[in-house]
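Heads up, the thing below is written out as structure tokens.
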Amino acid sequence: MNSKPPSLAPANISFFNAHPAPDDCHKVILAGLQAEPKTLDPKWFYDAEGSALFEQITALPEYYPTRTEVSILKAQRDSIAAYCGQGSVFIEPGAGNCAKARLLLDAIKPAAFVPLDISADFLFSAAQEVAAAYSWLSVSALCADFRDFLSFEQHLPAGRRVLFYPGSTIGNLDPQAALNFLEQAVSLIGSDGGVLIGVDLHKATDRLEAAYNDAAGVTARFNRNILRRVNDLVGSDFDPDAFQHHAFYNETLRRIEMHLISAHDQTVHISGHDIDFSAGEHIHTESSYKYTVDGFSDLASSGGLRRVQTWMDDECLFALHYLEPMDR
Ligand SMILES: C[S@@+](CC[C@H](N)C(=O)[O-])C[C@H]1O[C@@H](n2cnc3c(N)ncnc32)[C@H](O)[C@@H]1O
């Protein structure tokens, strides 16, 4: 772990790096690839290169979620700020480039901003840009797995807490993990805090599938790039070009599934272990669950949170919810 800020960092920023240790990455990756069906945790998508590819995805014409959520944040900024309140500790798990938080900072004037992400270098450079642009704001960047964010509570500044979780990142968690996340959120924010969360809405299959199968092939590059990242992390010998991108909407489970399909029979080596693939065999790399407003309200209630307000775009593509603990 490393809490030393890079040299030349602005004075109003601190860093804490709790990226999983190489041995832990190795264990988890191997277990996923030895499972049936084979899986990789989507958090491995994100290093500097993966985060940059995701940024490109957000600008694609087919990828409506980012521009829709941004349009809601811009149009409803004052109303959102009234719910979030001023002077809070504003915590953003999966902050990425911090662009969405930056749309709110002037309106909600937090006492501190805590961007948290697994993509260390990308996070640190985005957080430095925030600290430089908002000299009045204290920024505490935290590289960690957001599924364990309660274990990093000691690194949070004191004060009323508002959790900001945009991008429908909650959709990347299966329903049980999403519930665990919301339960942790309740513990973290205490009885006086709030959660501002962006959730992609269930909609027509063709619209959803187009968003994950863009014509320019950026999502395919992003998907295959996880294999390059896994090679870096555990010294495996995946050939990303020997796998094809496949994304479809599973209407029963209401989730986009992203897979990588082995183009032919092949064996991948990871530190003495052989991982055999037959032609056509899949690695499940990501799910993106879609929710109705009521369906998400039910999930939030099960996690101990009450939906207090919802903002949506005119086409009802995307929803931004403000949640408070049930016991307030
Ligand atoms: C779907 S992107 C959303 C980025 C940004 N919040 C937005 O709304 O555009 C998911 C973000 O969460 C981060 N992430 C994914 N899995 C993570 C994990 N397990 N722990 C921490 N960060 C994670 C990624 O690095 C990425 O920045």
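Residue numbering restarts at 1 in every chain; chains get A, B, ... in the order shown in the structure tokens, and ligands count up from 1 in that same order.
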
How would you write, as a list in words, the set of residues no farther than 7 Å from ligand 1 when counting only C-alpha atoms and all ligand atoms?
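Those residues are Pro42, Lys43, Tyr46, Ser51, Thr66, Pro93, Gly94, Ala95, Gly96, Asn97, Cys98, Lys100, Leu116, Asp117, Ile118, Ser119, Ala144, Asp145, Phe146, Arg147, Tyr165, Pro166, Gly167, Ser168 and Thr169 of chain A.
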
Using only N, CA, C and O atoms, please write the residues we just selected to a file, as an mmCIF file, in the first residue's frame.
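Written out: part-v1.cif:
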```cif
data_model
loop_
_atom_site.group_PDB
_atom_site.id
_atom_site.type_symbol
_atom_site.label_atom_id
_atom_site.label_comp_id
_atom_site.auth_asym_id
_atom_site.auth_seq_id
_atom_site.Cartn_x
_atom_site.Cartn_y
_atom_site.Cartn_z
ATOM 1 N N PRO A 42 -15.063 -8.078 -14.115
ATOM 2 C CA PRO A 42 -14.934 -6.883 -14.967
ATOM 3 C C PRO A 42 -13.981 -5.825 -14.415
ATOM 4 O O PRO A 42 -13.540 -4.954 -15.160
ATOM 5 N N LYS A 43 -13.621 -5.934 -13.145
ATOM 6 C CA LYS A 43 -12.687 -4.907 -12.642
ATOM 7 C C LYS A 43 -11.332 -5.010 -13.341
ATOM 8 O O LYS A 43 -10.589 -4.035 -13.403
ATOM 9 N N TYR A 46 -9.958 -2.571 -16.160
ATOM 10 C CA TYR A 46 -9.572 -1.186 -15.946
ATOM 11 C C TYR A 46 -8.147 -1.016 -15.432
ATOM 12 O O TYR A 46 -7.875 -1.185 -14.250
ATOM 13 N N SER A 51 -9.251 2.027 -19.067
ATOM 14 C CA SER A 51 -10.050 3.210 -18.702
ATOM 15 C C SER A 51 -10.138 4.175 -19.879
ATOM 16 O O SER A 51 -11.184 4.793 -20.105
ATOM 17 N N THR A 66 -24.011 7.446 -21.068
ATOM 18 C CA THR A 66 -23.223 8.554 -20.518
ATOM 19 C C THR A 66 -23.821 9.903 -20.891
ATOM 20 O O THR A 66 -24.051 10.758 -20.030
ATOM 21 N N PRO A 93 -17.526 5.941 -5.700
ATOM 22 C CA PRO A 93 -16.918 4.657 -6.087
ATOM 23 C C PRO A 93 -16.972 4.496 -7.611
ATOM 24 O O PRO A 93 -17.966 4.839 -8.235
ATOM 25 N N GLY A 94 -15.883 4.001 -8.201
ATOM 26 C CA GLY A 94 -15.841 3.828 -9.662
ATOM 27 C C GLY A 94 -15.820 5.170 -10.364
ATOM 28 O O GLY A 94 -16.462 5.372 -11.391
ATOM 29 N N ALA A 95 -15.026 6.096 -9.820
ATOM 30 C CA ALA A 95 -15.078 7.491 -10.270
ATOM 31 C C ALA A 95 -14.577 7.684 -11.695
ATOM 32 O O ALA A 95 -14.951 8.643 -12.364
ATOM 33 N N GLY A 96 -13.688 6.803 -12.167
ATOM 34 C CA GLY A 96 -13.166 6.963 -13.533
ATOM 35 C C GLY A 96 -12.523 8.323 -13.706
ATOM 36 O O GLY A 96 -11.670 8.732 -12.922
ATOM 37 N N ASN A 97 -12.967 9.056 -14.738
ATOM 38 C CA ASN A 97 -12.341 10.365 -15.011
ATOM 39 C C ASN A 97 -12.935 11.496 -14.168
ATOM 40 O O ASN A 97 -12.568 12.652 -14.347
ATOM 41 N N CYS A 98 -13.807 11.191 -13.246
ATOM 42 C CA CYS A 98 -14.415 12.162 -12.308
ATOM 43 C C CYS A 98 -15.249 13.231 -13.017
ATOM 44 O O CYS A 98 -15.632 14.240 -12.406
ATOM 45 N N LYS A 100 -18.323 13.323 -14.105
ATOM 46 C CA LYS A 100 -19.707 13.555 -13.651
ATOM 47 C C LYS A 100 -19.717 14.291 -12.320
ATOM 48 O O LYS A 100 -20.535 15.182 -12.106
ATOM 49 N N LEU A 116 -12.942 6.997 -5.730
ATOM 50 C CA LEU A 116 -12.394 5.654 -5.443
ATOM 51 C C LEU A 116 -12.475 4.849 -6.730
ATOM 52 O O LEU A 116 -13.507 4.836 -7.390
ATOM 53 N N ASP A 117 -11.395 4.190 -7.112
ATOM 54 C CA ASP A 117 -11.426 3.409 -8.354
ATOM 55 C C ASP A 117 -10.333 2.345 -8.303
ATOM 56 O O ASP A 117 -9.350 2.482 -7.586
ATOM 57 N N ILE A 118 -10.523 1.305 -9.095
ATOM 58 C CA ILE A 118 -9.542 0.211 -9.172
ATOM 59 C C ILE A 118 -8.406 0.574 -10.129
ATOM 60 O O ILE A 118 -7.332 -0.028 -10.087
ATOM 61 N N SER A 119 -8.637 1.563 -11.003
ATOM 62 C CA SER A 119 -7.681 1.910 -12.064
ATOM 63 C C SER A 119 -6.751 3.005 -11.540
ATOM 64 O O SER A 119 -6.995 4.203 -11.698
ATOM 65 N N ALA A 144 -9.004 1.234 -4.733
ATOM 66 C CA ALA A 144 -9.462 0.067 -3.975
ATOM 67 C C ALA A 144 -10.622 -0.572 -4.726
ATOM 68 O O ALA A 144 -11.181 0.024 -5.652
ATOM 69 N N ASP A 145 -10.983 -1.775 -4.300
ATOM 70 C CA ASP A 145 -12.154 -2.451 -4.844
ATOM 71 C C ASP A 145 -13.389 -1.905 -4.135
ATOM 72 O O ASP A 145 -13.482 -1.980 -2.904
ATOM 73 N N PHE A 146 -14.335 -1.374 -4.906
ATOM 74 C CA PHE A 146 -15.487 -0.732 -4.242
ATOM 75 C C PHE A 146 -16.408 -1.747 -3.561
ATOM 76 O O PHE A 146 -17.286 -1.373 -2.810
ATOM 77 N N ARG A 147 -16.218 -3.042 -3.831
ATOM 78 C CA ARG A 147 -17.052 -4.015 -3.123
ATOM 79 C C ARG A 147 -16.613 -4.167 -1.668
ATOM 80 O O ARG A 147 -17.305 -4.740 -0.854
ATOM 81 N N TYR A 165 -22.789 7.341 -7.162
ATOM 82 C CA TYR A 165 -22.452 6.102 -7.875
ATOM 83 C C TYR A 165 -23.120 6.138 -9.249
ATOM 84 O O TYR A 165 -24.138 5.476 -9.485
ATOM 85 N N PRO A 166 -22.557 6.934 -10.180
ATOM 86 C CA PRO A 166 -23.200 7.101 -11.485
ATOM 87 C C PRO A 166 -22.784 6.005 -12.469
ATOM 88 O O PRO A 166 -22.120 5.027 -12.099
ATOM 89 N N GLY A 167 -23.182 6.176 -13.726
ATOM 90 C CA GLY A 167 -22.686 5.311 -14.801
ATOM 91 C C GLY A 167 -23.341 3.944 -14.849
ATOM 92 O O GLY A 167 -22.899 3.081 -15.585
ATOM 93 N N SER A 168 -24.382 3.734 -14.026
ATOM 94 C CA SER A 168 -25.008 2.411 -13.908
ATOM 95 C C SER A 168 -23.957 1.350 -13.572
ATOM 96 O O SER A 168 -24.089 0.193 -13.974
ATOM 97 N N THR A 169 -22.932 1.765 -12.836
ATOM 98 C CA THR A 169 -21.905 0.795 -12.434
ATOM 99 C C THR A 169 -22.522 -0.264 -11.529
ATOM 100 O O THR A 169 -22.067 -1.415 -11.509
#
```

Quick one: residues within 12 Å of Gly272 of chain A, only C-alpha atoms, excluding same-chain residues fewer than 4 positions away - as JSON, numbers by chain?
{"A": [30, 234, 235, 236, 237, 267, 268]}

For the selection just defined, write its residues with C-alpha atoms to a file, as an mmCIF file, in the first residue's frame.
```
data_model
loop_
_atom_site.group_PDB
_atom_site.id
_atom_site.type_symbol
_atom_site.label_atom_id
_atom_site.label_comp_id
_atom_site.auth_asym_id
_atom_site.auth_seq_id
_atom_site.Cartn_x
_atom_site.Cartn_y
_atom_site.Cartn_z
ATOM 1 C CA LEU A 30 -7.159 -18.444 -11.978
ATOM 2 C CA VAL A 234 -0.514 -12.743 -13.910
ATOM 3 C CA GLY A 235 1.969 -13.409 -16.726
ATOM 4 C CA SER A 236 -0.452 -15.525 -18.796
ATOM 5 C CA ASP A 237 -0.122 -15.871 -22.576
ATOM 6 C CA THR A 267 -4.523 -23.680 -24.381
ATOM 7 C CA VAL A 268 -3.555 -20.646 -22.311
#
```

Identify which of the residues A:Arg306, A:His282, A:His245, A:His26 lies closest to Phe222 of chain A, counting only C-alpha atoms when measuring atom-to-atom distances.
A:His245

Selection near Ala75 of chain A, 12 Å with only C-alpha atoms, sequence-local residues under 2 positions removed, as a count of residues only
18

Considering only strand (DSSP E or B) as DSSP defines it on the backbone, what residues of segment 61-112 of chain A qualify? List them as a PyMOL selection string.
chain A and resi 89-93+112

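Of the residues under consideration (A:Ile91, A:Ala178, A:Leu33, A:Ile170), A:Ile170 shows the shortest atom-to-atom contact distance to Gly198 of chain A when counting only C-alpha atoms.
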